[in-house]
$ cat final.txt   # compact mmCIF, C-alpha atoms
# COMPACT_ATOMS: atom_id res chain seq x y z
CA MET A 1 -1.37 -49.50 -12.70
CA ASN A 2 -0.35 -45.99 -11.60
CA ASP A 3 -3.43 -45.72 -9.40
CA ILE A 4 -2.60 -49.02 -7.70
CA LEU A 5 0.98 -47.87 -7.13
CA ALA A 6 -0.18 -44.51 -5.76
CA ILE A 7 -2.65 -46.13 -3.36
CA GLY A 8 0.05 -48.59 -2.27
CA ILE A 9 2.40 -45.69 -1.49
CA LEU A 10 -0.38 -43.95 0.45
CA LEU A 11 -0.98 -47.08 2.55
CA VAL A 12 2.73 -47.28 3.35
CA LEU A 13 2.71 -43.62 4.40
CA ILE A 14 -0.36 -44.20 6.58
CA GLY A 15 1.51 -47.03 8.27
CA LEU A 16 4.45 -44.72 8.95
CA ILE A 17 2.12 -42.01 10.25
CA SER A 18 0.53 -44.48 12.67
CA LYS A 19 4.02 -45.21 14.06
CA THR A 20 4.88 -41.51 14.47
CA ALA A 21 4.72 -40.00 17.96
CA ARG A 22 1.57 -37.89 18.28
CA PRO A 23 3.28 -34.48 18.55
CA TYR A 24 4.93 -34.92 15.15
CA THR A 25 2.21 -36.50 13.01
CA ILE A 26 1.28 -33.23 11.27
CA LEU A 27 4.81 -32.98 9.90
CA TRP A 28 3.64 -35.49 7.31
CA SER A 29 1.29 -32.91 5.84
CA PHE A 30 4.13 -30.37 5.63
CA ALA A 31 6.10 -32.89 3.60
CA THR A 32 3.59 -32.73 0.73
CA PRO A 33 5.97 -30.79 -1.58
CA VAL A 34 8.58 -33.50 -1.01
CA PHE A 35 6.16 -36.12 -2.33
CA TYR A 36 5.72 -34.07 -5.48
CA ILE A 37 9.49 -34.02 -5.91
CA LEU A 38 9.81 -37.77 -5.36
CA PHE A 39 7.16 -38.52 -7.95
CA GLY A 40 8.34 -35.95 -10.49
CA PHE A 41 5.49 -33.47 -10.02
CA LYS A 42 3.07 -36.18 -11.16
CA SER A 43 -0.40 -35.94 -9.69
CA PHE A 44 -2.52 -38.96 -8.79
CA TYR A 45 -6.23 -38.17 -8.61
CA ILE A 46 -8.58 -40.50 -6.79
CA ASN A 47 -12.19 -40.49 -8.00
CA LEU A 48 -14.50 -40.43 -4.99
CA GLY A 49 -17.61 -40.49 -7.18
CA PHE A 50 -18.71 -36.93 -6.43
CA THR A 51 -15.27 -35.37 -6.93
CA GLU A 52 -11.65 -36.16 -7.70
CA VAL A 53 -9.04 -35.48 -5.01
CA GLU A 54 -5.28 -35.42 -5.55
CA LEU A 55 -3.70 -38.15 -3.46
CA PHE A 56 -0.66 -36.48 -1.93
CA SER A 57 -1.87 -32.89 -1.56
CA GLY A 58 -5.52 -33.76 -0.85
CA VAL A 59 -6.12 -37.21 0.58
CA LEU A 60 -2.89 -37.51 2.59
CA PRO A 61 -3.30 -34.25 4.59
CA MET A 62 -6.89 -35.22 5.41
CA VAL A 63 -5.71 -38.63 6.59
CA VAL A 64 -3.09 -36.92 8.79
CA CYS A 65 -5.78 -34.67 10.29
CA ILE A 66 -8.19 -37.51 10.99
CA MET A 67 -5.53 -39.80 12.48
CA THR A 68 -4.18 -37.06 14.75
CA TRP A 69 -7.62 -35.85 15.80
CA GLN A 70 -8.54 -39.37 16.90
CA LYS A 71 -5.56 -39.37 19.27
CA LEU A 72 -6.84 -36.29 21.13
CA SER A 73 -8.88 -36.60 24.29
CA SER A 74 -12.37 -35.10 24.52
CA THR A 75 -11.05 -32.45 26.91
CA GLU A 76 -8.33 -31.43 24.48
CA LYS A 77 -10.82 -31.09 21.65
CA ARG A 78 -13.07 -28.84 23.75
CA ARG A 79 -10.10 -26.75 24.85
CA ALA A 80 -8.94 -26.20 21.28
CA TRP A 81 -12.46 -25.26 20.21
CA LYS A 82 -12.70 -22.71 23.03
CA TYR A 83 -9.59 -20.91 21.78
CA SER A 84 -10.47 -21.09 18.09
CA PRO A 85 -12.02 -18.20 16.10
CA LYS A 86 -15.74 -19.07 16.15
CA LEU A 87 -16.78 -16.53 13.53
CA TRP A 88 -14.23 -18.00 11.11
CA TRP A 89 -15.91 -21.38 11.56
CA LEU A 90 -19.26 -19.70 10.90
CA PHE A 91 -17.93 -18.51 7.52
CA LEU A 92 -16.63 -22.01 6.72
CA ALA A 93 -19.99 -23.52 7.68
CA TYR A 94 -21.82 -21.10 5.38
CA TYR A 95 -19.43 -21.78 2.50
CA PHE A 96 -19.97 -25.52 2.99
CA VAL A 97 -23.75 -25.06 3.02
CA SER A 98 -23.48 -23.12 -0.27
CA LEU A 99 -22.70 -26.46 -1.92
CA GLY A 100 -26.45 -27.02 -1.69
CA TRP A 101 -27.11 -24.54 -4.53
CA SER A 102 -23.85 -25.02 -6.43
CA GLU A 103 -23.78 -25.85 -10.14
CA ASN A 104 -20.36 -27.48 -9.73
CA LEU A 105 -20.44 -29.81 -6.74
CA SER A 106 -17.14 -31.50 -7.65
CA THR A 107 -15.02 -28.34 -7.70
CA GLY A 108 -17.02 -26.86 -4.84
CA ILE A 109 -16.15 -29.73 -2.51
CA ARG A 110 -12.50 -29.43 -3.48
CA THR A 111 -12.49 -25.69 -2.72
CA VAL A 112 -14.23 -26.17 0.62
CA LEU A 113 -11.67 -28.82 1.60
CA GLU A 114 -8.77 -26.58 0.53
CA ILE A 115 -9.77 -23.93 3.07
CA ALA A 116 -11.23 -26.25 5.74
CA PHE A 117 -8.12 -28.44 5.96
CA PRO A 118 -5.64 -25.76 7.17
CA SER A 119 -8.32 -24.34 9.48
CA PHE A 120 -8.78 -27.77 11.03
CA LEU A 121 -5.01 -27.99 11.50
CA TYR A 122 -5.31 -25.05 13.92
CA LEU A 123 -7.33 -27.24 16.32
CA ILE A 124 -4.84 -30.09 16.00
CA ALA A 125 -1.74 -27.90 16.37
CA PHE A 126 -3.21 -26.46 19.57
CA ASN A 127 -2.92 -29.90 21.13
CA VAL A 128 0.16 -31.57 19.66
CA ILE A 129 2.56 -29.57 21.83
CA GLN A 130 2.76 -29.42 25.61
CA ASN A 131 4.56 -26.31 26.80
CA ASP A 132 7.52 -25.87 24.42
CA PHE A 133 8.80 -29.46 24.51
CA HIS A 134 8.44 -29.96 20.78
CA ILE A 135 8.61 -26.50 19.19
CA ASP A 136 12.36 -26.49 18.58
CA ARG A 137 12.14 -29.92 17.00
CA TYR A 138 9.31 -28.72 14.77
CA PHE A 139 11.46 -25.85 13.56
CA LYS A 140 14.30 -28.22 12.71
CA TRP A 141 12.08 -30.64 10.80
CA MET A 142 10.27 -27.85 8.98
CA MET A 143 13.55 -26.31 7.87
CA ALA A 144 14.92 -29.69 6.79
CA ILE A 145 11.81 -30.33 4.70
CA ASN A 146 11.84 -26.83 3.22
CA LEU A 147 15.54 -26.86 2.39
CA THR A 148 15.13 -30.22 0.65
CA VAL A 149 12.35 -28.81 -1.51
CA ALA A 150 14.36 -25.62 -2.17
CA VAL A 151 17.35 -27.58 -3.51
CA PHE A 152 15.15 -29.55 -5.90
CA ASP A 153 13.23 -26.45 -6.91
CA LEU A 154 16.47 -24.69 -7.86
CA TYR A 155 17.71 -27.75 -9.72
CA ASN A 156 14.47 -27.98 -11.68
CA ALA A 157 14.65 -24.29 -12.56
CA TYR A 158 18.30 -24.55 -13.60
CA THR A 159 17.74 -27.54 -15.85
CA GLY A 160 14.61 -26.02 -17.40
CA TRP A 161 12.25 -28.83 -16.52
CA SER A 162 9.81 -29.13 -19.41
CA VAL A 163 6.73 -28.86 -17.18
CA ILE A 164 7.91 -25.57 -15.70
CA LYS A 165 9.08 -24.25 -19.05
CA GLY A 166 5.85 -25.20 -20.76
CA ALA A 167 3.91 -23.23 -18.15
CA GLY A 168 5.81 -20.08 -19.15
CA SER A 169 7.44 -19.71 -15.76
CA MET A 170 11.05 -19.50 -16.93
CA THR A 171 10.72 -16.14 -18.67
CA GLU A 172 12.17 -12.77 -17.63
CA GLY A 173 14.63 -14.27 -15.17
CA VAL A 174 11.98 -16.07 -13.14
CA ILE A 175 13.06 -19.21 -11.31
CA GLY A 176 10.94 -22.14 -10.24
CA TYR A 177 7.26 -22.74 -10.71
CA ARG A 178 6.38 -19.09 -10.00
CA THR A 179 3.55 -18.78 -7.47
CA VAL A 180 4.03 -22.20 -5.85
CA THR A 181 7.75 -21.46 -5.51
CA ALA A 182 7.10 -17.95 -4.20
CA TYR A 183 4.65 -19.02 -1.50
CA PHE A 184 7.05 -21.76 -0.54
CA TYR A 185 9.80 -19.18 0.05
CA VAL A 186 7.40 -16.95 1.99
CA THR A 187 6.83 -19.92 4.30
CA MET A 188 10.58 -20.36 4.72
CA SER A 189 11.09 -16.66 5.46
CA THR A 190 8.34 -16.80 8.11
CA ILE A 191 9.95 -19.79 9.82
CA LEU A 192 13.39 -18.15 9.72
CA MET A 193 12.05 -14.85 11.04
CA MET A 194 10.34 -16.61 13.93
CA ARG A 195 13.57 -18.37 14.83
CA MET A 196 15.57 -15.13 14.69
CA MET A 197 13.01 -13.32 16.84
CA GLU A 198 13.43 -16.04 19.43
CA LYS A 199 17.23 -16.25 19.22
CA PHE A 200 19.20 -14.24 16.69
CA GLU A 201 21.91 -16.10 14.77
CA TRP A 202 23.96 -14.75 11.87
CA LYS A 203 23.69 -18.02 9.98
CA LEU A 204 19.91 -17.76 10.13
CA LEU A 205 20.10 -14.21 8.79
CA ALA A 206 22.30 -15.42 5.91
CA VAL A 207 19.82 -18.17 5.00
CA TYR A 208 16.97 -15.65 5.38
CA ALA A 209 18.66 -13.25 2.93
CA ILE A 210 19.20 -16.02 0.38
CA ASP A 211 15.61 -17.15 0.81
CA VAL A 212 14.23 -13.65 0.17
CA VAL A 213 16.41 -13.20 -2.94
CA LEU A 214 15.01 -16.51 -4.25
CA LEU A 215 11.52 -15.25 -3.45
CA LEU A 216 12.16 -12.12 -5.50
CA LEU A 217 13.59 -14.22 -8.33
CA ALA A 218 10.39 -16.28 -8.35
CA GLY A 219 8.78 -13.11 -9.69
CA SER A 220 5.29 -13.54 -8.20
CA ARG A 221 3.90 -10.31 -6.83
CA THR A 222 1.26 -11.33 -4.28
CA PRO A 223 3.48 -13.71 -2.26
CA THR A 224 6.12 -10.95 -2.18
CA PHE A 225 3.57 -8.46 -0.83
CA VAL A 226 2.49 -11.07 1.73
CA PHE A 227 6.10 -11.45 2.87
CA ILE A 228 6.55 -7.68 3.23
CA ALA A 229 3.29 -7.28 5.17
CA GLY A 230 4.06 -10.12 7.58
CA SER A 231 7.64 -8.98 8.13
CA LEU A 232 6.64 -5.38 8.87
CA VAL A 233 3.94 -6.49 11.31
CA ALA A 234 6.47 -8.58 13.25
CA ILE A 235 9.12 -5.85 13.17
CA PHE A 236 6.85 -3.10 14.50
CA TYR A 237 4.91 -5.32 16.89
CA ARG A 238 8.17 -5.99 18.72
CA ARG A 239 8.04 -2.42 20.10
CA ASN A 240 11.81 -2.31 20.37
CA LEU A 241 13.44 0.66 18.65
CA GLN A 242 16.69 -1.13 17.80
CA PHE A 243 14.92 -4.26 16.54
CA THR A 244 12.50 -2.18 14.48
CA ALA A 245 15.23 0.01 12.99
CA ILE A 246 17.48 -2.89 12.02
CA GLY A 247 14.59 -4.95 10.72
CA THR A 248 13.23 -2.10 8.60
CA ILE A 249 16.65 -1.42 7.09
CA VAL A 250 17.17 -5.12 6.26
CA ILE A 251 13.74 -5.38 4.61
CA ALA A 252 14.37 -2.15 2.65
CA LEU A 253 17.75 -3.44 1.42
CA LEU A 254 16.28 -6.78 0.37
CA ILE A 255 13.45 -5.07 -1.52
CA GLY A 256 15.97 -2.67 -3.08
CA ILE A 257 17.66 -5.67 -4.67
CA LEU A 258 14.67 -5.82 -7.02
CA TRP A 259 16.11 -2.97 -9.07
CA VAL A 260 19.11 -5.08 -10.07
CA LEU A 261 17.35 -8.44 -10.49
CA PRO A 262 16.07 -9.71 -13.87
CA THR A 263 12.57 -10.04 -12.36
CA LYS A 264 12.21 -6.27 -11.87
CA SER A 265 9.81 -6.09 -14.83
CA LYS A 266 7.45 -8.43 -13.00
CA PHE A 267 7.03 -5.82 -10.27
CA PHE A 268 7.69 -2.46 -11.96
CA ASN A 269 7.07 -0.83 -15.33
CA SER A 270 9.79 1.04 -17.23
CA ASP A 271 8.81 4.26 -15.41
CA ASP A 272 9.14 2.47 -12.02
CA THR A 273 5.37 2.44 -11.41
CA LEU A 274 3.86 -0.74 -10.02
CA ASN A 275 3.22 -3.36 -12.70
CA MET A 276 -0.41 -4.44 -12.55
CA ARG A 277 -0.47 -6.33 -15.87
CA ASP A 278 -0.78 -10.09 -15.73
CA SER A 279 -1.89 -12.40 -18.56
CA GLY A 280 -5.54 -11.41 -18.86
CA ARG A 281 -6.17 -11.45 -15.12
CA SER A 282 -7.74 -7.95 -15.03
CA PHE A 283 -10.27 -8.92 -17.73
CA PHE A 284 -11.03 -12.11 -15.84
CA GLN A 285 -11.64 -10.22 -12.59
CA LYS A 286 -13.81 -7.58 -14.26
CA TYR A 287 -15.97 -10.33 -15.75
CA PHE A 288 -16.46 -11.99 -12.37
CA GLU A 289 -17.18 -8.69 -10.63
CA ASP A 290 -19.95 -7.91 -13.11
CA LYS A 291 -21.33 -11.43 -12.97
CA ALA A 292 -21.26 -11.45 -9.16
CA ASP A 293 -23.20 -8.17 -9.06
CA GLN A 294 -25.92 -9.84 -11.14
CA GLY A 295 -26.12 -12.83 -8.80
CA PRO A 296 -28.28 -13.37 -5.70
CA LEU A 297 -27.27 -12.28 -2.20
CA TRP A 298 -26.27 -15.88 -1.42
CA GLY A 299 -24.16 -16.30 -4.57
CA TYR A 300 -23.87 -19.13 -7.08
CA GLY A 301 -22.64 -21.74 -4.59
CA ALA A 302 -19.15 -23.10 -3.84
CA GLY A 303 -17.37 -24.04 -7.06
CA GLY A 304 -19.52 -21.72 -9.16
CA THR A 305 -16.54 -19.65 -10.31
CA GLU A 306 -15.09 -22.55 -12.29
CA VAL A 307 -18.38 -23.08 -14.16
CA TYR A 308 -18.29 -19.52 -15.47
CA ALA A 309 -14.52 -19.63 -16.03
CA LYS A 310 -14.61 -22.51 -18.50
CA TRP A 311 -15.42 -20.52 -21.65
CA LEU A 312 -12.98 -17.73 -20.73
CA THR A 313 -10.07 -20.11 -20.24
CA GLU A 314 -10.79 -21.80 -23.57
CA HIS A 315 -11.17 -18.62 -25.65
CA ILE A 316 -9.56 -15.59 -23.97
CA THR A 317 -7.02 -16.20 -21.20
CA MET A 318 -5.16 -19.05 -19.51
CA VAL A 319 -5.98 -17.60 -16.11
CA GLY A 320 -8.13 -20.38 -14.71
CA ALA A 321 -9.76 -18.80 -11.68
CA PRO A 322 -10.63 -15.33 -10.31
CA HIS A 323 -7.14 -14.92 -8.81
CA ASN A 324 -8.79 -13.18 -5.93
CA GLU A 325 -10.26 -15.26 -3.13
CA TYR A 326 -12.40 -12.33 -2.00
CA LEU A 327 -13.92 -12.32 -5.47
CA ARG A 328 -14.35 -16.11 -5.37
CA ILE A 329 -16.26 -15.84 -2.09
CA ARG A 330 -18.26 -12.87 -3.42
CA PHE A 331 -19.18 -14.94 -6.48
CA ASP A 332 -19.76 -18.31 -4.79
CA GLY A 333 -21.22 -17.12 -1.47
CA GLY A 334 -22.68 -13.79 -2.51
CA ARG A 335 -22.58 -10.69 -0.33
CA ILE A 336 -23.54 -12.82 2.66
CA GLY A 337 -20.49 -15.04 2.21
CA LEU A 338 -18.17 -12.07 1.68
CA ILE A 339 -19.39 -10.34 4.85
CA LEU A 340 -18.91 -13.56 6.82
CA LEU A 341 -15.38 -13.91 5.41
CA TYR A 342 -14.46 -10.39 6.57
CA ILE A 343 -16.00 -11.03 9.99
CA GLY A 344 -14.11 -14.33 10.26
CA LEU A 345 -10.76 -12.70 9.43
CA ALA A 346 -11.49 -9.92 11.94
CA ASP A 347 -12.26 -12.57 14.58
CA ILE A 348 -8.90 -14.28 13.96
CA PHE A 349 -7.08 -10.94 14.23
CA ILE A 350 -8.83 -9.65 17.37
CA ARG A 351 -8.59 -13.02 19.09
CA GLY A 352 -4.85 -13.12 18.29
CA LEU A 353 -4.37 -9.67 19.84
CA LEU A 354 -6.24 -10.71 22.99
CA TRP A 355 -4.51 -14.07 23.45
CA GLY A 356 -1.05 -12.67 22.64
CA ARG A 357 -1.39 -9.63 24.87
CA GLY A 358 -0.72 -11.59 28.05
CA MET A 359 2.19 -13.69 26.76
CA LYS A 360 5.48 -12.77 28.43
CA GLU A 361 7.63 -15.13 26.41
CA TYR A 362 7.56 -16.72 22.96
CA PHE A 363 7.31 -13.42 21.11
CA PRO A 364 7.43 -15.14 17.68
CA PHE A 365 4.18 -16.95 18.44
CA LYS A 366 2.66 -13.83 19.94
CA ALA A 367 3.44 -12.07 16.66
CA ILE A 368 2.17 -14.92 14.47
CA LEU A 369 -1.24 -14.69 16.15
CA ILE A 370 -1.79 -11.32 14.46
CA MET A 371 0.44 -11.91 11.40
CA THR A 372 -1.66 -14.88 10.30
CA PRO A 373 -4.90 -13.06 9.39
CA ILE A 374 -2.93 -10.16 7.86
CA MET A 375 -0.76 -12.36 5.64
CA PHE A 376 -3.74 -14.50 4.72
CA ALA A 377 -5.88 -11.46 3.92
CA VAL A 378 -3.17 -9.90 1.74
CA SER A 379 -2.69 -13.15 -0.16
CA CYS A 380 -6.45 -13.34 -0.80
CA THR A 381 -6.49 -9.92 -2.50
CA SER A 382 -5.14 -11.05 -5.86
CA ASP A 383 -4.31 -14.74 -5.71
CA ASN A 384 -5.78 -18.25 -5.41
CA THR A 385 -4.60 -18.69 -1.83
CA PHE A 386 -6.88 -21.66 -1.16
CA PHE A 387 -5.13 -23.63 -3.90
CA TYR A 388 -1.67 -23.11 -2.34
CA PHE A 389 -2.56 -24.35 1.14
CA TYR A 390 0.07 -27.09 1.14
CA VAL A 391 2.99 -24.66 0.69
CA PHE A 392 1.64 -21.67 2.62
CA THR A 393 -1.74 -21.52 4.35
CA GLN A 394 -1.39 -24.68 6.45
CA TYR A 395 1.82 -23.33 8.01
CA LEU A 396 0.10 -20.09 9.03
CA PHE A 397 -2.78 -21.87 10.74
CA VAL A 398 -0.49 -24.37 12.46
CA PHE A 399 1.71 -21.58 13.82
CA MET A 400 -1.42 -19.79 14.99
CA GLY A 401 -2.50 -22.99 16.78
CA PHE A 402 0.88 -23.17 18.49
CA GLY A 403 0.60 -19.51 19.51
CA ALA A 404 -2.90 -19.98 20.92
CA ARG A 405 -1.70 -23.01 22.89
CA LEU A 406 1.18 -21.07 24.48
CA ALA A 407 -1.19 -18.19 25.26
CA TYR A 408 -3.54 -20.67 26.91
CA GLU A 409 -0.76 -22.10 29.07
CA GLU A 410 0.29 -18.58 30.09
CA ARG A 411 -3.27 -17.91 31.23
CA VAL A 412 -3.25 -21.17 33.20
CA ASN A 413 -0.03 -20.09 34.94
CA ARG A 414 -1.62 -16.75 35.88
CA GLY A 415 -4.74 -18.46 37.21
CA GLN A 416 -7.00 -17.05 34.48
CA GLU A 417 -7.82 -20.53 33.21
CA GLN A 418 -8.74 -23.58 35.23
CA LEU A 419 -6.71 -26.60 34.18
CA VAL A 420 -8.78 -29.77 34.42
CA LEU A 421 -6.95 -33.00 33.69
CA PRO A 422 -9.08 -36.12 33.38
CA GLU A 423 -7.26 -39.43 33.55
CA GLU A 424 -7.02 -39.66 29.75
CA ASP A 425 -5.21 -36.29 29.62
CA VAL A 426 -2.77 -37.22 32.37
CA THR A 427 -1.76 -40.32 30.41
CA VAL A 428 -1.21 -38.34 27.22
CA ILE A 429 0.85 -35.65 28.94
CA GLN A 430 2.98 -38.24 30.75
CA GLU A 431 3.71 -39.98 27.43
CA GLU A 432 4.76 -36.69 25.84
CA MET A 433 6.96 -35.75 28.82
CA ASN A 434 8.67 -39.13 28.49
CA LEU A 435 9.18 -38.46 24.79
CA ALA A 436 10.62 -35.02 25.50
CA ALA A 437 13.00 -36.50 28.09
CA ALA A 438 14.14 -39.10 25.56
CA ILE A 439 14.87 -36.37 22.99

$ encode --input "final.txt" --output "structure tokens"
Amino acid sequence: MNDILAIGILLVLIGLISKTARPYTILWSFATPVFYILFGFKSFYINLGFTEVELFSGVLPMVVCIMTWQKLSSTEKRRAWKYSPKLWWLFLAYYFVSLGWSENLSTGIRTVLEIAFPSFLYLIAFNVIQNDFHIDRYFKWMMAINLTVAVFDLYNAYTGWSVIKGAGSMTEGVIGYRTVTAYFYVTMSTILMMRMMEKFEWKLLAVYAIDVVLLLLAGSRTPTFVFIAGSLVAIFYRRNLQFTAIGTIVIALLIGILWVLPTKSKFFNSDDTLNMRDSGRSFFQKYFEDKADQGPLWGYGAGGTEVYAKWLTEHITMVGAPHNEYLRIRFDGGRIGLILLYIGLADIFIRGLLWGRGMKEYFPFKAILIMTPIMFAVSCTSDNTFFYFYVFTQYLFVFMGFGARLAYEERVNRGQEQLVLPEEDVTVIQEEMNLAAAI
């Protein structure tokens, strides 16, 4: 009965998506956390025969991608591909191929989809805006969605929801569902910072400060380090002494709050050294490092980590995965996969520097082009970043797609790109201009 209800809800959502104006269809994928709230954090898994996929965080985003992609013209698809990081796609292709020698096809497919989906959103985001007609509206909708989730997250933490409590996430002053909550607040801080870089407002700074305090109260280290890294990159990349000085002071003050928060012990030991202890994670990582070293150059295949994690999670630690995506790739894809991952991240970073270099306006999107690979790389160092795509990674890749689009249009204005508009493109652009005029 629950499966029938879940599928019915999905069909209704697909109907609503089909009625949504093209530029805003991907907002449905950002609303994934809202669906979890509406259905009480209940997950509905659909059995596809070869794997099970969660309906609202797995099937729905893929449906959004497919429906939006079908609305793009052939020229738009080629244009997005031209500006995308090719070596990153090479890594994804290799990781997909590794399913061929995987001992866990079901989990392997899920993992591949978890990283392929946000990457695919880059191509879509590149095309769903024309100039800056829709960016401001995106910011408003994203903040509305995120604030809605934040209110419910705080309510759930305050009332001690049994699911959260049972997971051990309410200890030592921690609020919310730890890592999911923390990455969610990192996303909010990124959106707020981008808005303030574009146009500073005190009310945005106030919300930003509250958001960061909530992030620190979530008590999850890696998302906090990701936030610090991304913020510092944006602050220094601005190359404005006043902006850099003020930004550095604000970040330092916000981090200093840790010493008076109940979650301090999550970050620091009693002697103020960095706390690196975490529920058996170090043992788990050591095991996978040794096992990976014994494996072939091409690894054990996508999903292989979960095969070898089963006994450990049943007998030694509740940590259910390597908690290090570099280690996952090293284990699943071998040294070949790990090298391709590094090359892919470097491609995203260098390409972002090149595309952003010529942009005269839209500094936030110029900054996000280089923040994306840095924040993503930091999050991969000690966390299951692929698993948290719906509250973190997809936003980074979408913002990067927006940034690449604006860089492309800047190059067109300077005559460095030839703009070819077939009849199908002219129709699409005219429809979006009419929509922008109506807004």

$ residues_around --input "final.txt" --residues "region 14-21 of chain A" --least-positions-apart "6" --cutoff "8 Å" --atoms "all atoms listed in the file" --output "list in words"
Trp28, Val63, Val64 and Met67 of chain A

$ residues_around --input "final.txt" --residues "Leu216 (chain A)" --least-positions-apart "6" --cutoff "9 Å" --atoms "only C-alpha atoms" --output "list in words"
Val174, Ala182, Thr224, Leu254, Ile255, Ile257, Leu258, Leu261, Thr263 and Lys264 of chain A

$ residues_near_point --input "final.txt" --point "(-6.4, -31.2, 14.4)" --cutoff "10 Å" --atoms "all atoms listed in the file" --output "list in words"
Ile26, Met62, Val64, Cys65, Ile66, Met67, Thr68, Trp69, Gln70, Lys71, Leu72, Lys77, Ala80, Phe117, Pro118, Ser119, Phe120, Leu121, Tyr122, Leu123, Ile124, Ala125, Phe126, Asn127, Val128, Val398 and Gly401 of chain A

$ atom_distance --input "final.txt" --atom1 "CA of Leu204 (chain A)" --atom2 "CA of Leu147 (chain A)"
12.7 Å

$ residues_around --input "final.txt" --residues "region 326-329 of chain A" --least-positions-apart "6" --cutoff "9 Å" --atoms "all atoms listed in the file" --output "JSON, numbers by chain"
{"A": [95, 285, 288, 289, 292, 299, 302, 303, 304, 305, 335, 337, 338, 341, 377, 380, 381, 382, 384]}

$ decode --input "final.txt" --residues "region 349-354 of chain A" --atoms "all heavy atoms" --output "PDB file, in the first residue's frame"
ATOM      1  N   PHE A 349      38.837  22.603 -11.612  1.00  0.00           N
ATOM      2  CA  PHE A 349      39.465  23.787 -11.013  1.00  0.00           C
ATOM      3  C   PHE A 349      40.098  24.682 -12.073  1.00  0.00           C
ATOM      4  O   PHE A 349      39.850  25.901 -12.105  1.00  0.00           O
ATOM      5  CB  PHE A 349      40.517  23.342 -10.000  1.00  0.00           C
ATOM      6  CG  PHE A 349      41.242  24.476  -9.332  1.00  0.00           C
ATOM      7  CD1 PHE A 349      40.626  25.201  -8.319  1.00  0.00           C
ATOM      8  CD2 PHE A 349      42.524  24.822  -9.708  1.00  0.00           C
ATOM      9  CE1 PHE A 349      41.281  26.252  -7.703  1.00  0.00           C
ATOM     10  CE2 PHE A 349      43.193  25.873  -9.094  1.00  0.00           C
ATOM     11  CZ  PHE A 349      42.564  26.588  -8.093  1.00  0.00           C
ATOM     12  N   ILE A 350      40.918  24.112 -12.940  1.00  0.00           N
ATOM     13  CA  ILE A 350      41.623  24.910 -13.959  1.00  0.00           C
ATOM     14  C   ILE A 350      40.637  25.532 -14.932  1.00  0.00           C
ATOM     15  O   ILE A 350      40.744  26.702 -15.311  1.00  0.00           O
ATOM     16  CB  ILE A 350      42.644  24.031 -14.706  1.00  0.00           C
ATOM     17  CG1 ILE A 350      43.753  23.600 -13.740  1.00  0.00           C
ATOM     18  CG2 ILE A 350      43.242  24.787 -15.894  1.00  0.00           C
ATOM     19  CD1 ILE A 350      44.699  22.566 -14.310  1.00  0.00           C
ATOM     20  N   ARG A 351      39.637  24.739 -15.326  1.00  0.00           N
ATOM     21  CA  ARG A 351      38.617  25.262 -16.242  1.00  0.00           C
ATOM     22  C   ARG A 351      37.870  26.433 -15.601  1.00  0.00           C
ATOM     23  O   ARG A 351      37.555  27.423 -16.256  1.00  0.00           O
ATOM     24  CB  ARG A 351      37.641  24.138 -16.599  1.00  0.00           C
ATOM     25  CG  ARG A 351      36.995  24.256 -17.949  1.00  0.00           C
ATOM     26  CD  ARG A 351      36.254  22.975 -18.274  1.00  0.00           C
ATOM     27  NE  ARG A 351      37.120  21.975 -18.843  1.00  0.00           N
ATOM     28  CZ  ARG A 351      37.288  21.820 -20.158  1.00  0.00           C
ATOM     29  NH1 ARG A 351      36.662  22.624 -20.988  1.00  0.00           N
ATOM     30  NH2 ARG A 351      38.077  20.877 -20.621  1.00  0.00           N
ATOM     31  N   GLY A 352      37.565  26.311 -14.289  1.00  0.00           N
ATOM     32  CA  GLY A 352      36.892  27.395 -13.583  1.00  0.00           C
ATOM     33  C   GLY A 352      37.726  28.659 -13.553  1.00  0.00           C
ATOM     34  O   GLY A 352      37.200  29.773 -13.731  1.00  0.00           O
ATOM     35  N   LEU A 353      39.044  28.512 -13.340  1.00  0.00           N
ATOM     36  CA  LEU A 353      39.938  29.675 -13.361  1.00  0.00           C
ATOM     37  C   LEU A 353      39.935  30.346 -14.732  1.00  0.00           C
ATOM     38  O   LEU A 353      39.880  31.571 -14.836  1.00  0.00           O
ATOM     39  CB  LEU A 353      41.362  29.245 -13.004  1.00  0.00           C
ATOM     40  CG  LEU A 353      41.697  29.048 -11.527  1.00  0.00           C
ATOM     41  CD1 LEU A 353      43.117  28.522 -11.378  1.00  0.00           C
ATOM     42  CD2 LEU A 353      41.540  30.361 -10.754  1.00  0.00           C
ATOM     43  N   LEU A 354      39.987  29.547 -15.784  1.00  0.00           N
ATOM     44  CA  LEU A 354      40.042  30.084 -17.139  1.00  0.00           C
ATOM     45  C   LEU A 354      38.740  30.769 -17.520  1.00  0.00           C
ATOM     46  O   LEU A 354      38.732  31.881 -18.051  1.00  0.00           O
ATOM     47  CB  LEU A 354      40.362  28.966 -18.134  1.00  0.00           C
ATOM     48  CG  LEU A 354      41.768  28.355 -18.025  1.00  0.00           C
ATOM     49  CD1 LEU A 354      41.911  27.179 -18.987  1.00  0.00           C
ATOM     50  CD2 LEU A 354      42.834  29.408 -18.297  1.00  0.00           C
TER      51      LEU A 354
END
